[in-house]
$ cat start_28.txt   # compact mmCIF, C-alpha atoms
# COMPACT_ATOMS: atom_id res chain seq x y z
CA MET A 1 -22.04 -49.79 -46.00
CA ARG A 2 -19.58 -51.31 -43.60
CA HIS A 3 -18.17 -49.08 -40.90
CA VAL A 4 -14.44 -49.25 -40.48
CA PRO A 5 -13.51 -49.14 -36.76
CA PHE A 6 -11.10 -46.46 -35.70
CA PRO A 7 -7.76 -47.65 -34.41
CA PRO A 8 -7.29 -47.37 -30.66
CA VAL A 9 -5.96 -44.00 -29.56
CA GLU A 10 -2.71 -44.26 -27.74
CA THR A 11 -2.39 -42.37 -24.50
CA ASP A 12 0.62 -40.33 -23.43
CA ALA A 13 1.91 -43.31 -21.53
CA THR A 14 1.94 -45.56 -24.66
CA VAL A 15 3.34 -43.09 -27.21
CA ALA A 16 7.06 -43.53 -27.61
CA PRO A 17 9.12 -40.54 -28.71
CA ALA A 18 10.87 -40.73 -32.06
CA PRO A 19 14.59 -41.47 -32.02
CA GLY A 20 16.65 -38.35 -31.26
CA ILE A 21 13.69 -36.36 -29.89
CA THR A 22 13.44 -35.68 -26.18
CA ALA A 23 10.00 -36.10 -24.72
CA VAL A 24 8.66 -32.95 -23.09
CA ALA A 25 5.92 -33.21 -20.51
CA GLU A 26 2.90 -31.09 -21.33
CA PRO A 27 2.16 -28.45 -18.67
CA ARG A 28 -0.91 -29.20 -16.66
CA ALA A 29 -3.43 -26.49 -15.85
CA THR A 30 -3.31 -25.37 -12.25
CA PRO A 31 -6.69 -25.95 -10.61
CA VAL A 32 -8.40 -22.82 -9.33
CA ASP A 33 -9.73 -22.90 -5.81
CA ALA A 34 -13.00 -21.16 -6.53
CA ARG A 35 -14.16 -21.51 -2.96
CA GLY A 36 -10.99 -19.92 -1.61
CA VAL A 37 -11.20 -17.06 -4.12
CA ALA A 38 -14.84 -16.41 -3.24
CA ILE A 39 -14.09 -16.41 0.49
CA THR A 40 -11.19 -14.00 -0.07
CA LEU A 41 -13.33 -11.62 -2.13
CA ILE A 42 -16.09 -11.69 0.49
CA ALA A 43 -13.57 -11.01 3.27
CA VAL A 44 -12.00 -8.10 1.37
CA GLY A 45 -15.40 -6.60 0.58
CA SER A 46 -16.51 -6.95 4.18
CA ALA A 47 -13.31 -5.28 5.39
CA ILE A 48 -13.84 -2.36 2.99
CA LEU A 49 -17.45 -1.88 4.12
CA LEU A 50 -16.41 -2.12 7.77
CA ALA A 51 -13.64 0.45 7.25
CA GLN A 52 -16.08 2.84 5.59
CA TYR A 53 -18.67 2.35 8.33
CA MET A 54 -16.14 2.77 11.16
CA GLN A 55 -14.20 5.69 9.74
CA SER A 56 -15.25 8.00 12.60
CA VAL A 57 -13.55 5.55 14.99
CA LEU A 58 -10.58 4.43 12.88
CA ILE A 59 -9.42 7.88 11.73
CA PRO A 60 -8.78 9.22 15.28
CA PHE A 61 -6.79 6.08 16.13
CA ILE A 62 -4.66 6.42 13.00
CA LEU A 63 -4.06 10.13 13.63
CA ALA A 64 -3.13 9.35 17.24
CA GLY A 65 -0.68 6.74 15.99
CA LEU A 66 0.98 9.29 13.69
CA VAL A 67 1.23 11.81 16.52
CA PHE A 68 2.70 9.09 18.73
CA TYR A 69 5.41 8.17 16.21
CA ALA A 70 6.18 11.85 15.60
CA LEU A 71 6.65 12.67 19.31
CA ASP A 72 7.98 9.36 20.63
CA PRO A 73 11.67 10.18 19.92
CA LEU A 74 11.36 13.47 21.82
CA VAL A 75 9.65 11.77 24.78
CA ASP A 76 12.33 9.04 24.82
CA ARG A 77 15.06 11.67 24.87
CA LEU A 78 13.39 13.50 27.74
CA GLU A 79 13.06 10.22 29.64
CA ARG A 80 16.78 9.56 29.24
CA HIS A 81 17.34 12.92 30.95
CA HIS A 82 15.33 11.70 33.98
CA VAL A 83 12.08 13.41 32.99
CA PRO A 84 9.03 11.27 33.91
CA ARG A 85 7.40 9.84 30.82
CA ALA A 86 3.97 11.30 31.57
CA LEU A 87 5.47 14.76 32.03
CA GLY A 88 7.55 14.39 28.87
CA ALA A 89 4.48 13.36 26.85
CA GLY A 90 2.55 16.36 28.14
CA LEU A 91 5.43 18.70 27.32
CA ALA A 92 5.78 17.32 23.79
CA ILE A 93 2.08 17.73 23.04
CA ALA A 94 2.10 21.22 24.59
CA ILE A 95 5.05 22.24 22.37
CA VAL A 96 3.23 21.10 19.23
CA LEU A 97 0.00 22.84 20.21
CA SER A 98 1.89 26.04 21.06
CA ALA A 99 3.64 26.04 17.69
CA LEU A 100 0.38 25.48 15.80
CA GLY A 101 -1.38 28.12 17.89
CA GLY A 102 1.40 30.64 17.30
CA VAL A 103 1.29 30.16 13.53
CA SER A 104 -2.51 30.39 13.51
CA TYR A 105 -2.50 33.57 15.61
CA THR A 106 0.17 35.20 13.46
CA LEU A 107 -1.63 34.51 10.19
CA ALA A 108 -5.18 34.99 11.46
CA GLY A 109 -5.36 38.58 10.19
CA ASP A 110 -4.10 37.67 6.71
CA ALA A 111 -6.46 34.69 6.54
CA LEU A 112 -9.41 36.92 7.46
CA GLY A 113 -8.24 39.34 4.76
CA VAL A 114 -8.34 36.57 2.16
CA ILE A 115 -11.83 35.60 3.33
CA GLY A 116 -12.93 39.23 3.21
CA GLU A 117 -11.82 39.51 -0.40
CA LEU A 118 -14.04 36.63 -1.50
CA PRO A 119 -17.20 38.73 -2.18
CA ALA A 120 -15.28 41.23 -4.31
CA ALA A 121 -13.54 38.36 -6.10
CA ALA A 122 -16.89 36.71 -6.86
CA GLN A 123 -18.27 39.99 -8.25
CA LYS A 124 -15.20 40.47 -10.41
CA ILE A 125 -15.45 36.94 -11.81
CA ARG A 126 -19.18 37.46 -12.50
CA ALA A 127 -18.46 40.75 -14.25
CA THR A 128 -15.74 39.12 -16.35
CA TRP A 129 -18.00 36.33 -17.49
CA THR A 130 -20.98 38.61 -18.23
CA ALA A 131 -19.04 41.44 -19.89
CA ASP A 132 -19.38 39.89 -23.33
CA ILE A 133 -23.04 38.96 -22.96
CA ASP A 134 -24.08 40.49 -26.33
CA HIS A 135 -21.75 38.36 -28.42
CA GLU A 136 -22.97 36.53 -31.51
CA PRO A 137 -24.54 33.20 -30.44
CA THR A 138 -22.48 30.18 -31.34
CA ALA A 139 -23.69 26.75 -32.43
CA ILE A 140 -23.49 25.51 -28.83
CA ASP A 141 -25.59 28.46 -27.65
CA LYS A 142 -28.23 27.67 -30.28
CA VAL A 143 -28.34 24.00 -29.26
CA GLN A 144 -28.70 24.96 -25.60
CA GLU A 145 -31.48 27.43 -26.43
CA ALA A 146 -33.32 24.75 -28.40
CA ALA A 147 -32.93 22.29 -25.52
CA ARG A 148 -34.33 24.84 -23.07
CA ALA A 149 -37.32 25.49 -25.36
CA ILE A 150 -38.04 21.75 -25.61
CA ASP A 151 -37.82 21.36 -21.82
CA GLU A 152 -40.22 24.27 -21.27
CA THR A 153 -42.69 22.83 -23.79
CA ALA A 154 -42.55 19.40 -22.17
CA ALA A 155 -43.03 20.89 -18.70
CA ALA A 156 -46.02 22.95 -19.86
CA ALA A 157 -47.60 19.90 -21.51
CA ALA A 158 -47.10 17.79 -18.39
CA ALA A 159 -48.66 20.52 -16.22
CA ALA A 160 -51.66 20.81 -18.54
CA ALA A 161 -52.17 17.04 -18.57
CA ALA A 162 -51.96 16.90 -14.80
CA ALA A 163 -54.46 19.73 -14.44
CA GLY A 164 -56.88 18.03 -16.80
CA ALA A 165 -56.54 14.69 -15.01
CA THR A 166 -57.47 16.13 -11.61
CA PRO A 167 -60.88 14.80 -10.54
CA ARG A 168 -63.65 17.14 -9.53
CA GLY A 169 -63.76 18.00 -5.87
CA VAL A 170 -60.05 17.25 -5.42
CA THR A 171 -57.74 20.11 -4.62
CA ARG A 172 -54.28 19.93 -6.12
CA VAL A 173 -51.51 20.48 -3.57
CA GLN A 174 -48.12 21.88 -4.52
CA VAL A 175 -45.23 21.11 -2.20
CA GLU A 176 -42.66 23.87 -1.98
CA ALA A 177 -39.17 23.39 -0.65
CA PRO A 178 -38.38 25.42 2.48
CA ALA A 179 -36.41 28.59 1.94
CA PHE A 180 -32.75 28.68 2.85
CA ARG A 181 -32.15 30.11 6.31
CA VAL A 182 -28.81 31.46 7.41
CA SER A 183 -29.49 30.52 11.03
CA ASP A 184 -29.71 26.83 10.10
CA TYR A 185 -26.40 27.07 8.25
CA LEU A 186 -24.72 28.78 11.19
CA PHE A 187 -26.07 26.14 13.56
CA SER A 188 -24.77 23.32 11.39
CA SER A 189 -21.40 25.06 11.07
CA SER A 190 -21.21 25.48 14.85
CA MET A 191 -22.00 21.81 15.38
CA GLY A 192 -19.32 20.88 12.84
CA ALA A 193 -16.78 23.03 14.68
CA LEU A 194 -17.71 21.43 18.00
CA ASN A 195 -17.40 17.99 16.46
CA LEU A 196 -13.96 18.88 15.10
CA LEU A 197 -12.84 20.12 18.50
CA GLY A 198 -14.10 16.94 20.12
CA GLN A 199 -12.25 14.76 17.60
CA THR A 200 -9.07 16.80 18.13
CA ALA A 201 -9.29 16.37 21.90
CA LEU A 202 -9.84 12.63 21.45
CA VAL A 203 -6.77 12.33 19.21
CA LEU A 204 -4.63 14.26 21.71
CA PHE A 205 -5.73 12.08 24.64
CA LEU A 206 -5.09 8.90 22.66
CA SER A 207 -1.65 10.19 21.67
CA PHE A 208 -0.85 11.04 25.30
CA PHE A 209 -1.78 7.56 26.53
CA LEU A 210 0.18 5.89 23.71
CA LEU A 211 3.24 7.95 24.60
CA VAL A 212 2.95 7.16 28.31
CA TYR A 213 2.22 3.42 27.99
CA ASP A 214 4.37 2.73 24.94
CA ASP A 215 6.45 -0.12 26.41
CA LEU A 216 3.45 -1.71 28.15
CA PHE A 217 1.42 -1.74 24.95
CA LYS A 218 4.22 -3.34 22.92
CA ARG A 219 4.94 -5.93 25.60
CA LYS A 220 1.29 -6.96 25.85
CA LEU A 221 1.01 -7.17 22.06
CA VAL A 222 4.07 -9.42 21.78
CA GLU A 223 2.90 -11.63 24.65
CA ASN A 224 -0.54 -12.21 23.13
CA ILE A 225 0.45 -12.52 19.47
CA GLY A 226 1.09 -16.27 19.65
CA PRO A 227 2.74 -19.07 21.59
CA THR A 228 5.75 -19.61 19.31
CA LEU A 229 8.98 -17.70 19.62
CA GLY A 230 9.12 -17.15 15.86
CA ARG A 231 5.84 -15.26 15.79
CA LYS A 232 6.94 -13.11 18.72
CA ARG A 233 10.20 -12.30 16.93
CA ILE A 234 8.37 -11.37 13.71
CA THR A 235 6.01 -9.13 15.70
CA VAL A 236 8.94 -7.31 17.32
CA GLN A 237 10.57 -6.84 13.91
CA ILE A 238 7.32 -5.49 12.44
CA LEU A 239 6.89 -3.00 15.30
CA ASN A 240 10.49 -1.82 14.99
CA ASP A 241 10.25 -1.47 11.20
CA ILE A 242 6.98 0.44 11.44
CA ALA A 243 8.50 2.81 13.99
CA VAL A 244 11.57 3.46 11.81
CA GLN A 245 9.61 3.92 8.59
CA ILE A 246 6.85 6.13 10.01
CA GLU A 247 9.21 8.30 12.06
CA ARG A 248 11.45 8.90 9.08
CA TYR A 249 8.46 9.55 6.83
CA ILE A 250 7.10 12.14 9.25
CA VAL A 251 10.47 13.88 9.56
CA VAL A 252 10.92 14.01 5.79
CA GLN A 253 7.34 15.20 5.25
CA VAL A 254 7.69 17.98 7.82
CA LEU A 255 11.02 19.16 6.38
CA THR A 256 9.79 19.16 2.78
CA SER A 257 6.48 20.86 3.67
CA VAL A 258 8.30 23.60 5.60
CA ALA A 259 10.70 24.08 2.68
CA VAL A 260 7.81 24.30 0.19
CA GLY A 261 5.89 26.73 2.42
CA VAL A 262 8.85 29.05 2.97
CA ALA A 263 9.86 28.99 -0.71
CA THR A 264 6.28 29.65 -1.83
CA GLY A 265 5.80 32.52 0.64
CA LEU A 266 9.07 34.21 -0.33
CA SER A 267 8.38 33.82 -4.07
CA LEU A 268 4.87 35.22 -3.82
CA MET A 269 6.14 38.10 -1.69
CA ALA A 270 8.73 38.86 -4.38
CA VAL A 271 6.09 39.11 -7.12
CA GLY A 272 3.85 41.29 -4.93
CA LEU A 273 0.92 38.95 -4.32
CA ASN A 274 -1.34 39.86 -1.43
CA ASN A 275 -1.17 37.70 1.72
CA PRO A 276 1.75 35.56 0.51
CA TRP A 277 2.32 33.71 3.77
CA VAL A 278 -1.25 32.47 3.93
CA TRP A 279 -0.64 30.77 0.61
CA GLY A 280 2.75 29.59 1.84
CA VAL A 281 1.08 27.82 4.78
CA ALA A 282 -1.55 26.42 2.41
CA ALA A 283 1.19 25.10 0.14
CA ALA A 284 2.92 23.48 3.12
CA VAL A 285 -0.29 21.81 4.31
CA PHE A 286 -1.42 20.59 0.90
CA ASN A 287 2.06 19.29 0.16
CA VAL A 288 1.15 16.35 2.42
CA ILE A 289 -1.26 15.16 -0.31
CA PRO A 290 0.79 13.82 -3.24
CA TYR A 291 -0.14 14.88 -6.78
CA PHE A 292 -3.50 16.53 -5.94
CA GLY A 293 -2.36 18.92 -3.20
CA PRO A 294 0.03 21.00 -5.35
CA LEU A 295 -2.59 21.15 -8.12
CA VAL A 296 -5.17 22.60 -5.72
CA VAL A 297 -2.73 25.26 -4.50
CA ALA A 298 -1.66 26.12 -8.05
CA ALA A 299 -5.29 26.48 -9.17
CA GLY A 300 -6.09 28.74 -6.21
CA LEU A 301 -3.03 30.89 -6.83
CA GLY A 302 -3.93 31.18 -10.52
CA ILE A 303 -7.38 32.53 -9.65
CA VAL A 304 -5.98 34.93 -7.04
CA GLY A 305 -3.28 36.13 -9.42
CA TYR A 306 -5.83 36.81 -12.14
CA LEU A 307 -8.10 38.72 -9.76
CA GLN A 308 -5.27 40.84 -8.40
CA PHE A 309 -3.28 41.56 -11.55
CA GLY A 310 -6.08 41.24 -14.13
CA SER A 311 -3.95 39.33 -16.60
CA ALA A 312 -3.96 35.71 -17.71
CA GLY A 313 -0.18 35.86 -18.04
CA TRP A 314 0.21 36.86 -14.40
CA ALA A 315 -2.23 34.15 -13.37
CA LEU A 316 -0.22 31.49 -15.19
CA GLY A 317 3.00 32.93 -13.78
CA VAL A 318 1.80 32.82 -10.17
CA ALA A 319 0.46 29.29 -10.60
CA GLY A 320 3.68 28.28 -12.33
CA ILE A 321 5.74 29.45 -9.35
CA ALA A 322 3.88 27.05 -7.05
CA MET A 323 4.15 24.19 -9.52
CA ALA A 324 7.88 24.80 -10.06
CA ILE A 325 8.55 24.72 -6.31
CA THR A 326 6.58 21.51 -5.75
CA THR A 327 8.20 19.93 -8.83
CA LEU A 328 11.70 20.64 -7.52
CA GLU A 329 10.69 19.30 -4.12
CA GLY A 330 9.15 16.15 -5.59
CA PHE A 331 11.99 15.27 -7.96
CA TRP A 332 15.02 16.39 -5.95
CA LEU A 333 14.49 17.17 -2.26
CA THR A 334 12.11 14.37 -1.27
CA PRO A 335 14.05 11.53 -2.98
CA MET A 336 17.30 12.80 -1.43
CA LEU A 337 15.82 12.84 2.09
CA MET A 338 13.54 9.82 1.77
CA GLY A 339 16.18 7.41 0.49
CA ARG A 340 14.90 3.89 0.94
CA VAL A 341 12.32 4.72 3.56
CA SER A 342 9.43 2.95 1.88
CA GLU A 343 10.65 1.63 -1.50
CA MET A 344 7.13 1.90 -2.90
CA ASN A 345 6.47 2.30 -6.61
CA ARG A 346 4.55 5.28 -7.96
CA ILE A 347 1.69 3.23 -9.39
CA ALA A 348 0.97 1.69 -5.98
CA LEU A 349 1.11 5.11 -4.31
CA PHE A 350 -1.28 6.66 -6.81
CA ALA A 351 -3.67 3.69 -6.63
CA GLY A 352 -3.63 3.77 -2.84
CA LEU A 353 -4.27 7.51 -2.87
CA LEU A 354 -7.30 7.05 -5.13
CA PHE A 355 -8.65 4.18 -3.03
CA TRP A 356 -8.37 5.88 0.37
CA SER A 357 -9.68 9.20 -0.95
CA TRP A 358 -12.71 7.32 -2.32
CA LEU A 359 -13.18 5.49 0.98
CA TRP A 360 -12.61 8.31 3.49
CA GLY A 361 -12.50 11.52 1.47
CA ILE A 362 -10.02 14.20 2.53
CA PRO A 363 -8.83 12.30 5.66
CA GLY A 364 -8.13 9.33 3.43
CA MET A 365 -6.00 11.47 1.12
CA LEU A 366 -3.98 12.72 4.10
CA LEU A 367 -3.51 9.28 5.66
CA ALA A 368 -3.07 7.16 2.52
CA ILE A 369 0.73 7.20 2.34
CA PRO A 370 1.52 6.34 6.00
CA MET A 371 -1.09 3.58 5.97
CA MET A 372 0.45 2.10 2.83
CA VAL A 373 3.91 2.31 4.40
CA VAL A 374 2.63 0.31 7.38
CA ALA A 375 0.91 -2.19 5.08
CA LYS A 376 4.10 -2.77 3.11
CA VAL A 377 6.14 -3.33 6.29
CA VAL A 378 3.63 -5.93 7.48
CA CYS A 379 3.49 -7.65 4.08
CA ASP A 380 7.28 -7.82 3.85
CA ARG A 381 7.54 -9.58 7.22
CA VAL A 382 4.58 -11.99 7.03
CA GLU A 383 5.34 -14.93 4.75
CA GLY A 384 1.85 -15.33 3.34
CA LEU A 385 1.64 -11.62 2.43
CA GLN A 386 5.07 -11.21 0.84
CA PRO A 387 3.69 -11.29 -2.77
CA ILE A 388 1.61 -8.21 -1.92
CA GLY A 389 4.71 -6.54 -0.48
CA ARG A 390 6.59 -7.22 -3.72
CA MET A 391 3.71 -5.73 -5.71
CA LEU A 392 3.89 -2.56 -3.62
CA GLY A 393 7.68 -2.30 -3.82
CA GLU A 394 9.94 -0.85 -6.46
$ encode --input "start_28.txt" --output "structure tokens"
Amino acid sequence: MRHVPFPPVETDATVAPAPGITAVAEPRATPVDARGVAITLIAVGSAILLAQYMQSVLIPFILAGLVFYALDPLVDRLERHHVPRALGAGLAIAIVLSALGGVSYTLAGDALGVIGELPAAAQKIRATWTADIDHEPTAIDKVQEAARAIDETAAAAAAAAAAGATPRGVTRVQVEAPAFRVSDYLFSSSMGALNLLGQTALVLFLSFFLLVYDDLFKRKLVENIGPTLGRKRITVQILNDIAVQIERYIVVQVLTSVAVGVATGLSLMAVGLNNPWVWGVAAAVFNVIPYFGPLVVAAGLGIVGYLQFGSAGWALGVAGIAMAITTLEGFWLTPMLMGRVSEMNRIALFAGLLFWSWLWGIPGMLLAIPMMVVAKVVCDRVEGLQPIGRMLGE
């Protein structure tokens, strides 16, 4: 059989378009720089591991930076009134510490009262859960009972096999875990308190030096950022934008937290809840954590309301008061005060909150929003990072 040769295939350059039809160039696939992508992923992973390893060093610096931006306007105003900058920084830090100490001293008795009620609350919860112990077993109870019986049988069989497999002349040794000792717990708690005090002192000293040498630090940073005038100008713009954004964020956060705390305390006092101002302060502090903070306060108030009033309706009502206040603050007060301070979308905020809470725990939850504000300012000003800034924006 004779093979018929195929006609030559015409390439794109030899094919002529039909009359009346405009030739359209086929889109070419963009080559992927696999090496660049791999290097970027390795760099990002290394940065995440380094941030997790150095959190005990990075967190005090970030906290000191927030304290600096919060107190810098006050120190600048004192300096304009011919107060030396070192003295003004010391006065500003002393004012903040005095305010925090006054609030702590005022509410110390109520806080101890809440702590003192914990044993009785635990007993009441235990009694509530065990009151209906003689109820008819459900299908889940029967399945759990069967699982426990199987586990006990398997454990007994394993013990018997182990006893039979022990050679003669060999003594079996059973390792018992040491008993819990309260003295060890108190020692570890004392060491944790000392560590917290040391970290607080470190943050205060760092904040003091940043407030005193503010201009020197900025001037040295601009001088060493690069030789070109354009890079120096971008650095100055980034520093100014960070200062504006963080200072306004702190002011708005303080105002909204105080409003939430006062409203929560007054509302709980009106319904007759015990120690209302302790929960008001707790609501103000947890209001710093978006989404999760109000939920924690509402859950705690629901438990306290149930223990005090003995009714699920009262528990839901007390928890609903806290949720209503934080909802009004989140949908009305904060947007009105915040304006265009960060222009960050909600998905980016929630994702950043999850990431930093996974990386640093509770400190990460507290510091997630200001760190993302700083990251967006930097991305908006640096040309190569502007796509990330657009992803974070509205």
$ residues_around --input "start_28.txt" --residues "Ala201 in chain A" --least-positions-apart "6" --cutoff "10 Å" --atoms "only C-alpha atoms" --output "MDAnalysis selection string"
chainID A and resid 60 195 207
$ residues_around --input "start_28.txt" --residues "Gly320 in chain A" --least-positions-apart "6" --cutoff "12 Å" --atoms "only C-alpha atoms" --output "compact mmCIF listing (two decimals) with C-alpha atoms, in the frame of the given file"
# COMPACT_ATOMS: atom_id res chain seq x y z
CA THR A 264 6.28 29.65 -1.83
CA SER A 267 8.38 33.82 -4.07
CA LEU A 268 4.87 35.22 -3.82
CA PRO A 294 0.03 21.00 -5.35
CA LEU A 295 -2.59 21.15 -8.12
CA VAL A 297 -2.73 25.26 -4.50
CA ALA A 298 -1.66 26.12 -8.05
CA ALA A 299 -5.29 26.48 -9.17
CA GLY A 300 -6.09 28.74 -6.21
CA LEU A 301 -3.03 30.89 -6.83
CA GLY A 302 -3.93 31.18 -10.52
CA GLY A 305 -3.28 36.13 -9.42
CA ALA A 312 -3.96 35.71 -17.71
CA GLY A 313 -0.18 35.86 -18.04
CA TRP A 314 0.21 36.86 -14.40
CA THR A 326 6.58 21.51 -5.75
CA THR A 327 8.20 19.93 -8.83
$ residues_around --input "start_28.txt" --residues "Glu247 in chain A" --least-positions-apart "6" --cutoff "9 Å" --atoms "all atoms listed in the file" --output "tab-separated table (two decimals) with C-alpha atoms, in the coordinates of the input"
chain	number	residue	atom	x	y	z
A	66	LEU	CA	0.98	9.29	13.69
A	69	TYR	CA	5.41	8.17	16.21
A	70	ALA	CA	6.18	11.85	15.60
A	71	LEU	CA	6.65	12.67	19.31
A	72	ASP	CA	7.98	9.36	20.63
A	73	PRO	CA	11.67	10.18	19.92
$ residues_near_point --input "start_28.txt" --point "(2.4, 4.1, 28.0)" --cutoff "12 Å" --atoms "only C-alpha atoms" --output "list in words"
Phe68, Asp72, Val75, Asp76, Pro84, Arg85, Ala86, Leu87, Gly88, Ala89, Phe205, Leu206, Ser207, Phe208, Phe209, Leu210, Leu211, Val212, Tyr213, Asp214, Asp215, Leu216, Phe217, Lys218, Arg219 and Lys220 of chain A
$ atom_distance --input "start_28.txt" --atom1 "CA of Leu107 in chain A" --atom2 "CA of Gly293 in chain A"
20.6 Å
$ atom_distance --input "start_28.txt" --atom1 "CA of Leu385 in chain A" --atom2 "CA of Gly45 in chain A"
17.9 Å
$ residues_around --input "start_28.txt" --residues "Gly113 in chain A" --least-positions-apart "6" --cutoff "10 Å" --atoms "all atoms listed in the file" --output "VMD selection string"
chain A and resid 107 274 to 275 278
$ write_last_selection --input "start_28.txt" --atoms "C-alpha atoms" --output "PDB file, in the frame of the given file"
ATOM      1  CA  LEU A 107      -1.630  34.510  10.190  1.00  0.00           C
ATOM      2  CA  ASN A 274      -1.340  39.860  -1.430  1.00  0.00           C
ATOM      3  CA  ASN A 275      -1.170  37.700   1.720  1.00  0.00           C
ATOM      4  CA  VAL A 278      -1.250  32.470   3.930  1.00  0.00           C
TER       5      VAL A 278
END
